[in-house]
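Single-structure report; data block below.
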Amino acid sequence: MIRIDKIKGILFDYGATIDSNGKHWAEVLWEAYVANQVPVTKEAFREAYVYGERYLATHPVIQPEHTFKDILLAKTEIQLKWLEESGFLPQNGNSSAYSFAISNQCYNFVRSTLANAVPVLERLASNYPMVLVSNFYGNIETVLKDFKLIQYFQQIIESAVVKIRKPDPAIFGLGAEVLHLAPSETVVVGDSYRKDIIPAASLGCQTIWLKGAAWEEETTESSADAIISDFSELIPILIEKK
């Protein structure tokens with residue numbers, strides 16, 4: 001059932017919503033590990049992924065000028081180093097080659113995904129003001145410029161800058177505020193039910209859940225106003241039924 005009504009603005013999540021069409025980034029990275037024949041189990045990779053995300057959250061590795069390719073290289077280097085030091089991966093000098101190959105594959109995946117997302121963003125931006133609301137490292141503006149996406153958003157609300165992280169509903173409140181709209185006049189589009197849909201709905205925003213390959217089991221009972229499985233489905237919901 002679709003319950004979207006009287007929308008005046010859109011609040012977009014970025015990572016795993018726009019750049020990977022709903023597929024959690026752990027899944028994207030794992031597919032690249034498999035494709036490049038990194039000899040580790042998925043369980044070991046998951047541990048390395050969690051370690052890497054926590055490390056990046058507490059260490060200033062990512063700088064404002066870093067592109068997404070820089071992020072991917074940093075992530076994979078941290079993961080692979082942890083896998084080596086934890087005994088999951090042989091210390092045979094292959095980690096640099098793995099990191100380069102994995103980050104390149106993932107970056108090319110994003111460029112391919114964005115080729116399909118950009119026409120959707122163009123149509124939406126011609127009909128609604130849009131704000132990006134993202135948990136990110138302080139370099140989202142550089143990433144958006146690199147991918148030529150920044151022109152679609154009136155403003156960026158980035159966790160590292162505003163010091164509020166999802167799932168805190170306040171970060172979506174900031175998005176509605178910069179559009180001078182009530183939360184009920186906005187729709188939040190995100191891939192995470194826990195970090196996007198629940199907090200946005202609690203604030204009174206309408207919600208669209210882009211449900212893709214998840215990091216962990218998502219609920220089967222959803223309060224989202226609409227559920228989609230592909231980014232392109234936003235057009236019939238937000239424009240053709242407008």
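Going through the structure tokens in order, the chains are called A, B, and so on, while each chain numbers its residues from 1 and the ligands are numbered from 1 in the order shown.
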Find the residues near Lys241 (chain A): any atom within 12 Å, counting only C-alpha atoms, skip ones fewer than 4 places away on the same chain, and give them as a PDB file with N, CA and C atoms, in the first residue's frame.
```
ATOM      1  N   ILE A   2       0.507   2.242  -0.821  1.00  0.00           N
ATOM      2  CA  ILE A   2       1.249   3.498  -0.905  1.00  0.00           C
ATOM      3  C   ILE A   2       0.394   4.611  -0.307  1.00  0.00           C
ATOM      4  N   ARG A   3       0.962   5.307   0.680  1.00  0.00           N
ATOM      5  CA  ARG A   3       0.202   6.325   1.393  1.00  0.00           C
ATOM      6  C   ARG A   3       0.860   7.702   1.303  1.00  0.00           C
ATOM      7  N   ILE A   4       1.617   7.950   0.263  1.00  0.00           N
ATOM      8  CA  ILE A   4       2.300   9.227   0.097  1.00  0.00           C
ATOM      9  C   ILE A   4       1.303  10.281  -0.362  1.00  0.00           C
ATOM     10  N   ASP A   5       1.300  11.460   0.325  1.00  0.00           N
ATOM     11  CA  ASP A   5       0.275  12.449  -0.008  1.00  0.00           C
ATOM     12  C   ASP A   5       0.775  13.865   0.301  1.00  0.00           C
ATOM     13  N   LYS A   6       0.547  14.795  -0.633  1.00  0.00           N
ATOM     14  CA  LYS A   6       0.804  16.221  -0.430  1.00  0.00           C
ATOM     15  C   LYS A   6       2.244  16.514  -0.011  1.00  0.00           C
ATOM     16  N   ILE A   7       3.173  15.938  -0.761  1.00  0.00           N
ATOM     17  CA  ILE A   7       4.589  16.135  -0.486  1.00  0.00           C
ATOM     18  C   ILE A   7       5.063  17.454  -1.107  1.00  0.00           C
ATOM     19  N   GLU A 233      11.544   3.420  -9.043  1.00  0.00           N
ATOM     20  CA  GLU A 233      10.139   3.379  -8.617  1.00  0.00           C
ATOM     21  C   GLU A 233       9.697   4.661  -7.928  1.00  0.00           C
ATOM     22  N   LEU A 234      10.624   5.544  -7.640  1.00  0.00           N
ATOM     23  CA  LEU A 234      10.253   6.832  -7.058  1.00  0.00           C
ATOM     24  C   LEU A 234       9.473   7.695  -8.045  1.00  0.00           C
ATOM     25  N   ILE A 235       9.726   7.528  -9.327  1.00  0.00           N
ATOM     26  CA  ILE A 235       9.053   8.366 -10.331  1.00  0.00           C
ATOM     27  C   ILE A 235       7.547   8.162 -10.329  1.00  0.00           C
ATOM     28  N   PRO A 236       7.041   6.940 -10.447  1.00  0.00           N
ATOM     29  CA  PRO A 236       5.583   6.798 -10.422  1.00  0.00           C
ATOM     30  C   PRO A 236       4.950   7.226  -9.098  1.00  0.00           C
ATOM     31  N   ILE A 237       5.673   7.080  -7.990  1.00  0.00           N
ATOM     32  CA  ILE A 237       5.111   7.424  -6.683  1.00  0.00           C
ATOM     33  C   ILE A 237       5.093   8.933  -6.466  1.00  0.00           C
TER      34      ILE A 237
END
```
Open item on the list: DSSP on the backbone, helix (DSSP H, G or I) only: what residues of region 10-130 of chain A does that give? Format it as a VMD selection string.
Closed with: chain A and resid 25 to 35 42 to 58 68 to 85 95 to 125
Contact table region 72-106 of chain A vs region 48-59 of chain A, cut-off 7 Å, shortest pair per residue, only C-alpha atoms, as a tab-separated table:
```
residue	atom	partner	partner_atom	distance
A:Lys75	CA	A:Gly52	CA	6.3
A:Ile78	CA	A:Gly52	CA	5.8
A:Gln79	CA	A:Ala48	CA	5.0
A:Trp82	CA	A:Ala48	CA	6.3
A:Leu83	CA	A:Ala48	CA	6.3
```
Expected file: the selected residues, N, CA and C atoms, as a PDB file, in the first residue's frame:
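File written: part-v6.pdb
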```
ATOM      1  N   LYS A  75      38.867   2.023   3.545  1.00  0.00           N
ATOM      2  CA  LYS A  75      38.063   0.973   4.170  1.00  0.00           C
ATOM      3  C   LYS A  75      38.694  -0.400   3.959  1.00  0.00           C
ATOM      4  N   ILE A  78      42.004  -0.999   5.843  1.00  0.00           N
ATOM      5  CA  ILE A  78      41.781  -1.252   7.273  1.00  0.00           C
ATOM      6  C   ILE A  78      41.232  -2.657   7.485  1.00  0.00           C
ATOM      7  N   GLN A  79      40.270  -3.049   6.663  1.00  0.00           N
ATOM      8  CA  GLN A  79      39.685  -4.386   6.787  1.00  0.00           C
ATOM      9  C   GLN A  79      40.729  -5.477   6.580  1.00  0.00           C
ATOM     10  N   TRP A  82      43.257  -5.780   9.359  1.00  0.00           N
ATOM     11  CA  TRP A  82      42.669  -6.464  10.517  1.00  0.00           C
ATOM     12  C   TRP A  82      42.574  -7.963  10.265  1.00  0.00           C
ATOM     13  N   LEU A  83      42.188  -8.363   9.066  1.00  0.00           N
ATOM     14  CA  LEU A  83      42.080  -9.782   8.728  1.00  0.00           C
ATOM     15  C   LEU A  83      43.437 -10.475   8.827  1.00  0.00           C
TER      16      LEU A  83
END
```
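For region 10-18 of chain A, the residues within 8 Å (counting only C-alpha atoms, excluding itself and residues fewer than 2 positions away along the chain) are A:Ile7, A:Lys8, A:Ser20, A:Asn21, A:Gly22, A:Lys23, A:His24, A:Trp25, A:Leu114, A:Ala117, A:Tyr128, A:Pro129, A:Met130, A:Val131, A:Leu132, A:Val133, A:Ser134, A:Phe172, A:Gly175, A:Ala176, A:Thr186, A:Val187, A:Val188, A:Val189, A:Gly190, A:Asp191, A:Asp196, A:Leu210, A:Phe231.
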Open item on the list: Can you pull out the residues contacting region 26-39 of chain A? Cut-off 12 Å, using only C-alpha atoms, and skip same-chain residues under 2 positions away; I want them as a ChimeraX atom specification.
Closed with: /A:15-16,19-24,41-50,52-53,72-73,75-76,79-80,83-84,87-92,94-110,113,212-216
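Within region 10-238 of chain A, DSSP run on the backbone puts these residues in strand (DSSP E or B): Ile10, Leu11, Phe12, Met130, Val131, Leu132, Val133, Ser134, Gln155, Ile156, Ile157, Glu158, Thr186, Val187, Val188, Val189, Gly190, Gln206, Thr207, Ile208, Trp209, Leu210, Ala226, Ile227 and Ile228 of chain A.
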TODO: State, in Å with one decimal place, the distance from CA of Glu122 (chain A) to CA of Ile228 (chain A).
DONE: 18.8 Å
